[in-house]
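Quick look at target.cif (mmCIF, C-alpha atoms):
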data_upload
#
loop_
_atom_site.group_PDB
_atom_site.id
_atom_site.type_symbol
_atom_site.label_atom_id
_atom_site.label_comp_id
_atom_site.auth_asym_id
_atom_site.auth_seq_id
_atom_site.Cartn_x
_atom_site.Cartn_y
_atom_site.Cartn_z
ATOM 1 C CA MET A 15 43.011 19.727 16.462
ATOM 2 C CA HIS A 16 46.154 17.808 17.255
ATOM 3 C CA HIS A 17 44.570 16.020 20.231
ATOM 4 C CA LEU A 18 41.676 14.701 18.175
ATOM 5 C CA HIS A 19 43.943 13.493 15.391
ATOM 6 C CA GLN A 20 46.178 11.851 17.999
ATOM 7 C CA ALA A 21 43.237 10.068 19.586
ATOM 8 C CA LEU A 22 41.941 8.801 16.240
ATOM 9 C CA ARG A 23 45.214 7.663 14.721
ATOM 10 C CA PRO A 24 46.133 3.943 14.819
ATOM 11 C CA ALA A 25 47.698 3.152 18.182
ATOM 12 C CA ALA A 26 50.675 0.800 18.315
ATOM 13 C CA ARG A 27 50.062 -0.329 21.898
ATOM 14 C CA PRO A 28 47.908 2.194 23.731
ATOM 15 C CA GLN A 29 47.954 0.309 27.021
ATOM 16 C CA SER A 30 51.734 0.565 27.271
ATOM 17 C CA THR A 31 51.568 4.365 27.545
ATOM 18 C CA GLY A 32 48.474 4.423 29.747
ATOM 19 C CA ARG A 33 46.723 6.720 27.285
ATOM 20 C CA SER A 34 43.008 6.581 26.708
ATOM 21 C CA PRO A 35 41.696 7.904 23.381
ATOM 22 C CA LEU A 36 38.497 9.040 25.108
ATOM 23 C CA GLY A 37 40.586 10.700 27.781
ATOM 24 C CA GLU A 38 42.676 12.553 25.220
ATOM 25 C CA VAL A 39 39.603 13.921 23.460
ATOM 26 C CA GLU A 40 38.101 14.885 26.807
ATOM 27 C CA GLN A 41 41.259 16.757 27.835
ATOM 28 C CA ALA A 42 41.282 18.659 24.548
ATOM 29 C CA PHE A 43 37.606 19.510 24.987
ATOM 30 C CA LEU A 44 38.041 20.780 28.541
ATOM 31 C CA ALA A 45 41.016 22.864 27.458
ATOM 32 C CA LEU A 46 38.763 24.570 24.923
ATOM 33 C CA ALA A 47 35.957 25.037 27.429
ATOM 34 C CA GLN A 48 37.926 26.139 30.465
ATOM 35 C CA GLY A 49 40.855 28.135 29.103
ATOM 36 C CA SER A 50 41.438 31.862 29.474
ATOM 37 C CA GLU A 51 39.208 32.381 26.423
ATOM 38 C CA PRO A 52 36.686 29.516 26.602
ATOM 39 C CA LEU A 53 34.983 28.387 23.421
ATOM 40 C CA THR A 54 31.323 29.320 23.691
ATOM 41 C CA PHE A 55 28.039 28.419 22.065
ATOM 42 C CA PRO A 56 24.683 30.295 21.811
ATOM 43 C CA ALA A 57 22.884 29.338 25.018
ATOM 44 C CA ARG A 58 19.431 29.932 23.515
ATOM 45 C CA LEU A 59 19.857 26.860 21.307
ATOM 46 C CA VAL A 60 19.988 24.538 24.297
ATOM 47 C CA CYS A 61 18.116 26.431 27.016
ATOM 48 C CA ASP A 62 14.718 28.118 27.046
ATOM 49 C CA GLU A 63 15.726 30.830 29.516
ATOM 50 C CA PRO A 64 19.533 31.076 29.623
ATOM 51 C CA ASP A 65 21.235 33.291 32.186
ATOM 52 C CA ARG A 66 23.579 34.686 29.540
ATOM 53 C CA ALA A 67 23.859 34.842 25.765
ATOM 54 C CA THR A 68 26.640 32.285 25.415
ATOM 55 C CA TRP A 69 27.786 29.298 27.435
ATOM 56 C CA PRO A 70 31.123 27.454 27.452
ATOM 57 C CA VAL A 71 30.862 24.268 25.421
ATOM 58 C CA ASP A 72 31.232 22.023 28.482
ATOM 59 C CA ARG A 73 28.160 23.625 30.047
ATOM 60 C CA VAL A 74 26.288 23.132 26.790
ATOM 61 C CA ARG A 75 27.204 19.434 26.831
ATOM 62 C CA ALA A 76 26.049 19.075 30.445
ATOM 63 C CA HIS A 77 22.731 20.742 29.626
ATOM 64 C CA LEU A 78 22.256 18.474 26.613
ATOM 65 C CA ALA A 79 22.453 15.453 28.899
ATOM 66 C CA HIS A 80 20.046 16.865 31.479
ATOM 67 C CA PRO A 81 16.619 15.180 31.441
ATOM 68 C CA SER A 82 14.856 18.545 31.645
ATOM 69 C CA THR A 83 16.203 19.643 28.260
ATOM 70 C CA ARG A 84 13.448 19.489 25.690
ATOM 71 C CA ALA A 85 13.944 17.187 22.710
ATOM 72 C CA GLU A 86 13.481 20.111 20.320
ATOM 73 C CA LEU A 87 16.339 22.059 21.963
ATOM 74 C CA ARG A 88 18.548 18.998 22.027
ATOM 75 C CA GLU A 89 17.946 18.404 18.324
ATOM 76 C CA ARG A 90 18.592 22.050 17.460
ATOM 77 C CA THR A 91 21.851 22.075 19.404
ATOM 78 C CA TRP A 92 23.149 18.898 17.789
ATOM 79 C CA ARG A 93 22.336 20.198 14.317
ATOM 80 C CA GLU A 94 24.346 23.343 14.971
ATOM 81 C CA VAL A 95 27.261 21.401 16.467
ATOM 82 C CA VAL A 96 27.386 19.095 13.430
ATOM 83 C CA ARG A 97 27.057 22.058 11.066
ATOM 84 C CA ARG A 98 29.993 23.840 12.693
ATOM 85 C CA ALA A 99 32.136 20.728 12.612
ATOM 86 C CA ARG A 100 31.457 20.326 8.889
ATOM 87 C CA ASP A 101 31.689 23.971 7.850
ATOM 88 C CA LEU A 102 34.286 25.363 10.239
ATOM 89 C CA GLY A 103 36.508 22.405 11.058
ATOM 90 C CA GLU A 104 38.679 22.702 14.138
ATOM 91 C CA PRO A 105 38.088 23.279 16.976
ATOM 92 C CA TRP A 106 34.467 22.292 16.294
ATOM 93 C CA ASP A 107 35.521 18.846 15.067
ATOM 94 C CA THR A 108 36.911 18.194 18.513
ATOM 95 C CA VAL A 109 33.846 19.684 20.206
ATOM 96 C CA ALA A 110 31.426 17.567 18.158
ATOM 97 C CA VAL A 111 33.262 14.331 18.905
ATOM 98 C CA ALA A 112 33.720 15.257 22.571
ATOM 99 C CA MET A 113 29.993 15.886 22.914
ATOM 100 C CA THR A 114 29.539 12.111 22.505
ATOM 101 C CA VAL A 115 32.178 11.069 25.063
ATOM 102 C CA PRO A 116 29.872 10.669 28.115
ATOM 103 C CA VAL A 117 27.520 8.406 26.150
ATOM 104 C CA LEU A 118 30.429 6.487 24.629
ATOM 105 C CA ARG A 119 31.820 5.808 28.105
ATOM 106 C CA ARG A 120 28.507 4.303 29.218
ATOM 107 C CA MET A 121 28.191 2.361 25.969
ATOM 108 C CA LEU A 122 31.661 0.838 26.254
ATOM 109 C CA ALA A 123 31.136 -0.008 29.924
ATOM 110 C CA ARG A 124 28.257 -2.274 28.840
ATOM 111 C CA LEU A 125 30.125 -3.821 25.912
ATOM 112 C CA ALA A 126 30.997 -7.510 26.271
ATOM 113 C CA ARG A 127 34.638 -7.003 25.333
ATOM 114 C CA PRO A 128 36.882 -10.073 24.869
ATOM 115 C CA ALA A 129 39.726 -10.019 27.387
ATOM 116 C CA HIS A 130 42.389 -9.872 24.673
ATOM 117 C CA LEU A 131 40.803 -6.837 22.990
ATOM 118 C CA GLU A 132 42.387 -3.682 24.388
ATOM 119 C CA ARG A 133 40.038 -1.071 25.766
ATOM 120 C CA ALA A 134 42.041 1.673 24.064
ATOM 121 C CA GLU A 135 41.475 -0.019 20.697
ATOM 122 C CA VAL A 136 37.732 -0.137 21.328
ATOM 123 C CA GLU A 137 37.664 3.533 22.374
ATOM 124 C CA GLN A 138 39.616 4.466 19.270
ATOM 125 C CA GLU A 139 37.187 2.548 17.058
ATOM 126 C CA ALA A 140 34.206 4.317 18.629
ATOM 127 C CA LEU A 141 35.736 7.769 18.184
ATOM 128 C CA ALA A 142 36.717 7.064 14.596
ATOM 129 C CA ALA A 143 33.156 5.934 13.818
ATOM 130 C CA VAL A 144 31.754 9.148 15.288
ATOM 131 C CA ALA A 145 34.218 11.267 13.309
ATOM 132 C CA VAL A 146 33.212 9.546 10.068
ATOM 133 C CA ALA A 147 29.499 9.780 10.875
ATOM 134 C CA LEU A 148 29.831 13.532 11.446
ATOM 135 C CA ARG A 149 30.753 13.838 7.772
ATOM 136 C CA THR A 150 28.360 11.298 6.326
ATOM 137 C CA VAL A 151 25.140 11.549 8.331
ATOM 138 C CA ALA A 152 22.287 13.248 6.522
ATOM 139 C CA ALA A 153 21.969 16.840 7.694
ATOM 140 C CA ASP A 154 18.175 16.514 7.906
ATOM 141 C CA ALA A 155 18.217 13.196 9.771
ATOM 142 C CA GLU A 156 16.094 12.995 12.893
ATOM 143 C CA ARG A 157 18.028 12.682 16.138
ATOM 144 C CA LEU A 158 21.496 13.350 14.785
ATOM 145 C CA ASP A 159 22.973 12.385 18.139
ATOM 146 C CA ARG A 160 21.476 8.912 17.888
ATOM 147 C CA GLU A 161 22.941 8.526 14.418
ATOM 148 C CA LEU A 162 26.396 9.251 15.857
ATOM 149 C CA PHE A 163 25.932 6.922 18.827
ATOM 150 C CA SER A 164 24.561 4.165 16.586
ATOM 151 C CA ALA A 165 27.576 4.427 14.287
ATOM 152 C CA ALA A 166 29.899 4.022 17.265
ATOM 153 C CA ASP A 167 27.852 1.133 18.655
ATOM 154 C CA ARG A 168 27.932 -0.759 15.359
ATOM 155 C CA ALA A 169 31.673 -0.209 15.003
ATOM 156 C CA VAL A 170 32.625 -1.484 18.455
ATOM 157 C CA HIS A 171 30.339 -4.507 18.191
ATOM 158 C CA ARG A 172 31.913 -5.408 14.834
ATOM 159 C CA LEU A 173 35.336 -5.094 16.445
ATOM 160 C CA ALA A 174 34.383 -7.257 19.419
ATOM 161 C CA TYR A 175 32.746 -9.841 17.164
ATOM 162 C CA ALA A 176 35.844 -10.057 14.965
ATOM 163 C CA ALA A 177 38.029 -10.455 18.057
ATOM 164 C CA ARG A 178 35.853 -13.279 19.378
ATOM 165 C CA ARG A 179 35.916 -15.039 16.020
ATOM 166 C CA GLN A 180 39.686 -14.742 15.872
ATOM 167 C CA ALA A 181 40.016 -16.226 19.352
ATOM 168 C CA VAL A 182 37.684 -19.097 18.455
ATOM 169 C CA ARG A 183 39.606 -19.868 15.271
ATOM 170 C CA GLU A 184 42.857 -19.985 17.219
ATOM 171 C CA THR A 185 41.611 -22.181 20.063
ATOM 172 C CA ASP A 186 38.838 -24.436 18.766
ATOM 173 C CA PRO A 187 39.470 -27.099 16.090
ATOM 174 C CA ALA A 188 35.821 -27.432 15.087
ATOM 175 C CA ALA A 189 35.435 -23.698 14.665
ATOM 176 C CA ALA A 190 38.706 -23.563 12.744
ATOM 177 C CA ARG A 191 37.426 -26.186 10.308
ATOM 178 C CA LEU A 192 34.183 -24.272 10.031
ATOM 179 C CA ASP A 193 36.076 -21.102 9.161
ATOM 180 C CA HIS A 194 38.206 -23.059 6.681
ATOM 181 C CA LEU A 195 35.106 -24.411 4.968
ATOM 182 C CA CYS A 196 33.768 -20.897 4.608
ATOM 183 C CA SER A 197 37.023 -19.639 3.089
ATOM 184 C CA VAL A 198 37.204 -22.358 0.409
ATOM 185 C CA PRO A 199 36.528 -20.836 -3.047
ATOM 186 C CA GLN A 200 32.979 -21.598 -4.111
ATOM 187 C CA PRO A 201 31.938 -22.814 -7.545
ATOM 188 C CA GLU A 202 31.283 -20.139 -10.118
ATOM 189 C CA HIS A 203 28.005 -18.258 -9.520
ATOM 190 C CA ALA A 204 27.637 -19.864 -6.079
ATOM 191 C CA GLU A 205 26.683 -17.719 -3.122
ATOM 192 C CA PRO A 206 29.480 -17.015 -0.585
ATOM 193 C CA VAL A 207 29.311 -19.248 2.469
ATOM 194 C CA ASP A 208 29.642 -17.855 5.965
ATOM 195 C CA GLU A 209 29.847 -19.772 9.238
ATOM 196 C CA PHE A 210 26.123 -19.563 9.877
ATOM 197 C CA THR A 211 25.313 -20.842 6.375
ATOM 198 C CA ALA A 212 27.685 -23.773 6.893
ATOM 199 C CA LEU A 213 25.951 -24.579 10.172
ATOM 200 C CA ALA A 214 22.584 -24.386 8.440
ATOM 201 C CA ARG A 215 23.798 -26.878 5.819
ATOM 202 C CA ALA A 216 24.952 -29.192 8.603
ATOM 203 C CA VAL A 217 21.428 -29.015 10.030
ATOM 204 C CA GLN A 218 19.921 -29.722 6.609
ATOM 205 C CA ASP A 219 22.217 -32.749 6.277
ATOM 206 C CA ARG A 220 21.099 -33.862 9.764
ATOM 207 C CA VAL A 221 24.614 -33.765 11.143
ATOM 208 C CA VAL A 222 23.498 -31.564 14.018
ATOM 209 C CA ASP A 223 19.999 -30.527 15.020
ATOM 210 C CA VAL A 224 18.712 -26.969 15.272
ATOM 211 C CA ASP A 225 19.343 -26.678 19.024
ATOM 212 C CA GLU A 226 22.912 -27.910 18.622
ATOM 213 C CA ALA A 227 23.578 -25.496 15.772
ATOM 214 C CA ARG A 228 22.195 -22.601 17.796
ATOM 215 C CA LEU A 229 24.340 -23.592 20.754
ATOM 216 C CA ILE A 230 27.485 -23.613 18.629
ATOM 217 C CA ALA A 231 26.582 -20.372 16.855
ATOM 218 C CA ARG A 232 25.700 -18.452 19.985
ATOM 219 C CA THR A 233 28.678 -19.552 22.084
ATOM 220 C CA ARG A 234 31.407 -20.099 19.501
ATOM 221 C CA LEU A 235 30.552 -17.452 16.899
ATOM 222 C CA ASN A 236 28.659 -14.820 18.880
ATOM 223 C CA GLY A 237 30.640 -15.277 22.083
ATOM 224 C CA GLU A 238 27.660 -15.623 24.437
ATOM 225 C CA PRO A 239 28.555 -17.042 27.889
ATOM 226 C CA MET A 240 27.646 -20.674 28.443
ATOM 227 C CA ARG A 241 26.196 -19.841 31.862
ATOM 228 C CA LEU A 242 23.499 -17.689 30.238
ATOM 229 C CA LEU A 243 22.465 -20.430 27.845
ATOM 230 C CA ALA A 244 22.507 -22.998 30.648
ATOM 231 C CA ALA A 245 20.135 -20.824 32.666
ATOM 232 C CA GLU A 246 17.980 -20.228 29.601
ATOM 233 C CA ARG A 247 17.722 -23.952 28.868
ATOM 234 C CA ARG A 248 17.462 -24.889 32.552
ATOM 235 C CA VAL A 249 20.325 -27.361 32.459
ATOM 236 C CA SER A 250 23.671 -27.437 34.217
ATOM 237 C CA MET A 251 26.702 -25.902 32.537
ATOM 238 C CA ARG A 252 28.425 -29.287 32.722
ATOM 239 C CA GLN A 253 25.565 -30.906 30.817
ATOM 240 C CA LEU A 254 25.563 -28.108 28.234
ATOM 241 C CA TYR A 255 29.332 -28.408 27.701
ATOM 242 C CA ARG A 256 28.975 -32.164 27.124
ATOM 243 C CA HIS A 257 26.141 -31.516 24.686
ATOM 244 C CA ARG A 258 28.192 -28.979 22.739
ATOM 245 C CA THR A 259 31.289 -31.195 22.669
ATOM 246 C CA ALA A 260 29.309 -34.086 21.188
ATOM 247 C CA ALA A 261 27.738 -31.818 18.587
ATOM 248 C CA GLU A 262 31.115 -30.358 17.634
ATOM 249 C CA GLN A 263 32.598 -33.798 17.193
ATOM 250 C CA HIS A 264 29.888 -34.589 14.640
ATOM 251 C CA LEU A 265 30.404 -31.191 13.037
ATOM 252 C CA ALA A 266 34.181 -31.649 12.827
ATOM 253 C CA ALA A 267 33.788 -34.988 11.051
ATOM 254 C CA TYR A 268 31.264 -33.454 8.663
ATOM 255 C CA LEU A 269 33.527 -30.508 7.870
ATOM 256 C CA LYS A 270 36.541 -32.758 7.396
ATOM 257 C CA HIS A 271 34.566 -34.795 4.867
ATOM 258 C CA HIS A 272 33.501 -31.644 2.994
ATOM 259 C CA LEU A 273 37.003 -30.260 2.884
ATOM 260 C CA ARG A 274 38.366 -33.549 1.548
ATOM 261 C CA ASP A 275 35.708 -33.630 -1.159
ATOM 262 C CA ARG A 276 36.604 -30.093 -2.234
#
Spit out the file's structure as structure tokens when you get a sec.
Amino acid sequence: MHHLHQALRPAARPQSTGRSPLGEVEQAFLALAQGSEPLTFPARLVCDEPDRATWPVDRVRAHLAHPSTRAELRERTWREVVRRARDLGEPWDTVAVAMTVPVLRRMLARLARPAHLERAEVEQEALAAVAVALRTVAADAERLDRELFSAADRAVHRLAYAARRQAVRETDPAAARLDHLCSVPQPEHAEPVDEFTALARAVQDRVVDVDEARLIARTRLNGEPMRLLAAERRVSMRQLYRHRTAAEQHLAAYLKHHLRDR
């Protein structure tokens, strides 16, 4: 359907138009479910004692999410939804993706999204991951819905992680040198070096200790808030910032030496 393709296509600047990819898919879904000729689904697949033979797809989705729905019925319904999306195409492609929208909304609400990463871009990434998973997930996999949600979760966390790394590279000299070290071509047959491997080598060379390396990795590379680590280590944030700054100064000198040698 046009709406699904529009929601999944690369967005130039989604926030400038006020459009939400999840919202667009939801609108398309509700149009299918609530029009003059609503798209229906066999109610017996999702309900033990349905009040009619078929239900509109929005009612099916609501029943899927209800805690009283047995796992066996939920699994059977998802298998049929995925089968229709694969075999029949539109409008079942839209229906299958839209079935995940309520869970995706909750998932993205919990995501630690960097401020510079647009919400619309994250929504788009999640929807695209679901659309791909619909075609690639094994038909006999247990809990097909979880496979779809897991694909979306992995995709948005990769996106957020990449955005945090980009921000760190642009704002922190030590992290920039660390990234530079990792991008230097390695000797033939050598294993590729990532940031965490470079930190591990710095620990091995006794440039920083294990706690310092973990502090840098968790806050600079993984984007964890300093306040959480300060509470975890039972020290003040000011003390933890001083500790990290000193460690990064040693790391920067170490990386500068390595880059010069290469």
Segment 156-169 of chain A environment, 10 Å, only C-alpha atoms, sequence neighbours closer than 4 positions dropped, as an MDAnalysis selection string: chainID A and resid 85:86 88:93 96 110:111 113:115 117:118 121:122 125 136:148 150:152 173:175
Answer key for the PyMOL selection byres ((chain A and resi 131) around 12), residues as a list in words: Arg27, Pro28, Gln29, Leu125, Ala126, Arg127, Pro128, Ala129, His130, Glu132, Arg133, Ala134, Glu135, Val136, Glu137, Gln138, Glu139, Val170, His171, Leu173, Ala174, Tyr175, Ala176, Ala177, Arg178, Arg179, Gln180 and Ala181 of chain A
Could you take the residues named above and write them with C-alpha atoms, as an mmCIF file, in the frame of the given file?
data_model
loop_
_atom_site.group_PDB
_atom_site.id
_atom_site.type_symbol
_atom_site.label_atom_id
_atom_site.label_comp_id
_atom_site.auth_asym_id
_atom_site.auth_seq_id
_atom_site.Cartn_x
_atom_site.Cartn_y
_atom_site.Cartn_z
ATOM 1 C CA ARG A 27 50.062 -0.329 21.898
ATOM 2 C CA PRO A 28 47.908 2.194 23.731
ATOM 3 C CA GLN A 29 47.954 0.309 27.021
ATOM 4 C CA LEU A 125 30.125 -3.821 25.912
ATOM 5 C CA ALA A 126 30.997 -7.510 26.271
ATOM 6 C CA ARG A 127 34.638 -7.003 25.333
ATOM 7 C CA PRO A 128 36.882 -10.073 24.869
ATOM 8 C CA ALA A 129 39.726 -10.019 27.387
ATOM 9 C CA HIS A 130 42.389 -9.872 24.673
ATOM 10 C CA GLU A 132 42.387 -3.682 24.388
ATOM 11 C CA ARG A 133 40.038 -1.071 25.766
ATOM 12 C CA ALA A 134 42.041 1.673 24.064
ATOM 13 C CA GLU A 135 41.475 -0.019 20.697
ATOM 14 C CA VAL A 136 37.732 -0.137 21.328
ATOM 15 C CA GLU A 137 37.664 3.533 22.374
ATOM 16 C CA GLN A 138 39.616 4.466 19.270
ATOM 17 C CA GLU A 139 37.187 2.548 17.058
ATOM 18 C CA VAL A 170 32.625 -1.484 18.455
ATOM 19 C CA HIS A 171 30.339 -4.507 18.191
ATOM 20 C CA LEU A 173 35.336 -5.094 16.445
ATOM 21 C CA ALA A 174 34.383 -7.257 19.419
ATOM 22 C CA TYR A 175 32.746 -9.841 17.164
ATOM 23 C CA ALA A 176 35.844 -10.057 14.965
ATOM 24 C CA ALA A 177 38.029 -10.455 18.057
ATOM 25 C CA ARG A 178 35.853 -13.279 19.378
ATOM 26 C CA ARG A 179 35.916 -15.039 16.020
ATOM 27 C CA GLN A 180 39.686 -14.742 15.872
ATOM 28 C CA ALA A 181 40.016 -16.226 19.352
#
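The shell of residues at most 12 Å from Pro70 of chain A, with all atoms listed in the file counted and near chain neighbours (fewer than 3 positions) removed, consists of A:Phe43, A:Leu44, A:Ala45, A:Leu46, A:Ala47, A:Gln48, A:Gly49, A:Ser50, A:Glu51, A:Pro52, A:Leu53, A:Thr54, A:Phe55, A:Pro56, A:Ala57, A:Val60, A:Arg66, A:Ala67, A:Arg73, A:Val74, A:Arg75, A:Ala76, A:His77, A:Val109.
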Restrict the selected residues to C-alpha atoms and save them as a PDB file, in the frame of the given file.
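This is the output file out-v2.pdb:
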ATOM      1  CA  PHE A  43      37.606  19.510  24.987  1.00  0.00           C
ATOM      2  CA  LEU A  44      38.041  20.780  28.541  1.00  0.00           C
ATOM      3  CA  ALA A  45      41.016  22.864  27.458  1.00  0.00           C
ATOM      4  CA  LEU A  46      38.763  24.570  24.923  1.00  0.00           C
ATOM      5  CA  ALA A  47      35.957  25.037  27.429  1.00  0.00           C
ATOM      6  CA  GLN A  48      37.926  26.139  30.465  1.00  0.00           C
ATOM      7  CA  GLY A  49      40.855  28.135  29.103  1.00  0.00           C
ATOM      8  CA  SER A  50      41.438  31.862  29.474  1.00  0.00           C
ATOM      9  CA  GLU A  51      39.208  32.381  26.423  1.00  0.00           C
ATOM     10  CA  PRO A  52      36.686  29.516  26.602  1.00  0.00           C
ATOM     11  CA  LEU A  53      34.983  28.387  23.421  1.00  0.00           C
ATOM     12  CA  THR A  54      31.323  29.320  23.691  1.00  0.00           C
ATOM     13  CA  PHE A  55      28.039  28.419  22.065  1.00  0.00           C
ATOM     14  CA  PRO A  56      24.683  30.295  21.811  1.00  0.00           C
ATOM     15  CA  ALA A  57      22.884  29.338  25.018  1.00  0.00           C
ATOM     16  CA  VAL A  60      19.988  24.538  24.297  1.00  0.00           C
ATOM     17  CA  ARG A  66      23.579  34.686  29.540  1.00  0.00           C
ATOM     18  CA  ALA A  67      23.859  34.842  25.765  1.00  0.00           C
ATOM     19  CA  ARG A  73      28.160  23.625  30.047  1.00  0.00           C
ATOM     20  CA  VAL A  74      26.288  23.132  26.790  1.00  0.00           C
ATOM     21  CA  ARG A  75      27.204  19.434  26.831  1.00  0.00           C
ATOM     22  CA  ALA A  76      26.049  19.075  30.445  1.00  0.00           C
ATOM     23  CA  HIS A  77      22.731  20.742  29.626  1.00  0.00           C
ATOM     24  CA  VAL A 109      33.846  19.684  20.206  1.00  0.00           C
TER      25      VAL A 109
END
Point-to-point distance from atom CA of Glu104 of chain A to atom CA of Ala42 of chain A, Å rounded to tenths: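 It comes out at 11.5 Å.
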Neighbour list for Asp219 of chain A as a count of residues only, cut-off 12 Å, all atoms listed in the file, skip fewer than 4 positions in-chain: 11
Given all atoms listed in the file as the counted atoms, nearest of A:Glu40, A:Ala216, A:Ala266, A:Met240 to Arg252 of chain A: A:Met240
For Arg100 of chain A, find every residue with an atom within 9 Å (counting only C-alpha atoms), except residues of its own chain fewer than 6 positions away, and show them as a compact mmCIF listing (two decimals) with C-alpha atoms, in the frame of the given file.
# COMPACT_ATOMS: atom_id res chain seq x y z
CA TRP A 106 34.47 22.29 16.29
CA ASP A 107 35.52 18.85 15.07
CA LEU A 148 29.83 13.53 11.45
CA ARG A 149 30.75 13.84 7.77
Just so the selection is clear, what residues does the PyMOL selection byres ((chain A and resi 255) around 12) cover here, as an mmCIF file with C-alpha atoms, in the frame of the given file?
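Contents of the output file expr.cif:
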data_model
loop_
_atom_site.group_PDB
_atom_site.id
_atom_site.type_symbol
_atom_site.label_atom_id
_atom_site.label_comp_id
_atom_site.auth_asym_id
_atom_site.auth_seq_id
_atom_site.Cartn_x
_atom_site.Cartn_y
_atom_site.Cartn_z
ATOM 1 C CA GLU A 226 22.912 -27.910 18.622
ATOM 2 C CA LEU A 229 24.340 -23.592 20.754
ATOM 3 C CA ILE A 230 27.485 -23.613 18.629
ATOM 4 C CA THR A 233 28.678 -19.552 22.084
ATOM 5 C CA ARG A 234 31.407 -20.099 19.501
ATOM 6 C CA PRO A 239 28.555 -17.042 27.889
ATOM 7 C CA MET A 240 27.646 -20.674 28.443
ATOM 8 C CA ARG A 241 26.196 -19.841 31.862
ATOM 9 C CA LEU A 243 22.465 -20.430 27.845
ATOM 10 C CA ALA A 244 22.507 -22.998 30.648
ATOM 11 C CA VAL A 249 20.325 -27.361 32.459
ATOM 12 C CA SER A 250 23.671 -27.437 34.217
ATOM 13 C CA MET A 251 26.702 -25.902 32.537
ATOM 14 C CA ARG A 252 28.425 -29.287 32.722
ATOM 15 C CA GLN A 253 25.565 -30.906 30.817
ATOM 16 C CA LEU A 254 25.563 -28.108 28.234
ATOM 17 C CA ARG A 256 28.975 -32.164 27.124
ATOM 18 C CA HIS A 257 26.141 -31.516 24.686
ATOM 19 C CA ARG A 258 28.192 -28.979 22.739
ATOM 20 C CA THR A 259 31.289 -31.195 22.669
ATOM 21 C CA ALA A 260 29.309 -34.086 21.188
ATOM 22 C CA ALA A 261 27.738 -31.818 18.587
ATOM 23 C CA GLU A 262 31.115 -30.358 17.634
#
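Take atom CA of Arg119 of chain A and atom CA of Arg84 of chain A: the distance between them is 23.0 Å.
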Residue with smallest distance to Pro116 of chain A - pool A:Val95, A:Ala227, A:Ala267, A:Val39, counting all atoms listed in the file: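 The shortest atom-to-atom distance to Pro116 of chain A comes from A:Val39.
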Point-to-point distance in Å for atom CA of Pro81 of chain A and atom CA of Trp69 of chain A: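 Going from atom CA of Trp69 of chain A over to atom CA of Pro81 of chain A covers 18.4 Å.
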Which residue of A:Ser34, A:Arg228, A:Asp72, A:Ala153 approaches Ala99 of chain A most closely, using all atoms listed in the file: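 Among the listed residues, the smallest separation from Ala99 of chain A belongs to A:Ala153.
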Can you sort out the box for segment 144-160 of chain A, edges along x, y and z, all listed atoms in, 3 Å on every side, with centre and edge lengths in Å to one decimal, as JSON?
{"center_x": 25.2, "center_y": 12.9, "center_z": 12.2, "size_x": 24.1, "size_y": 13.9, "size_z": 17.8}
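Ranking A:Phe210, A:Gln218, A:Pro35, A:Asp154 by their shortest atom-to-atom distance to Arg97 of chain A, with all atoms listed in the file included, puts A:Asp154 first.
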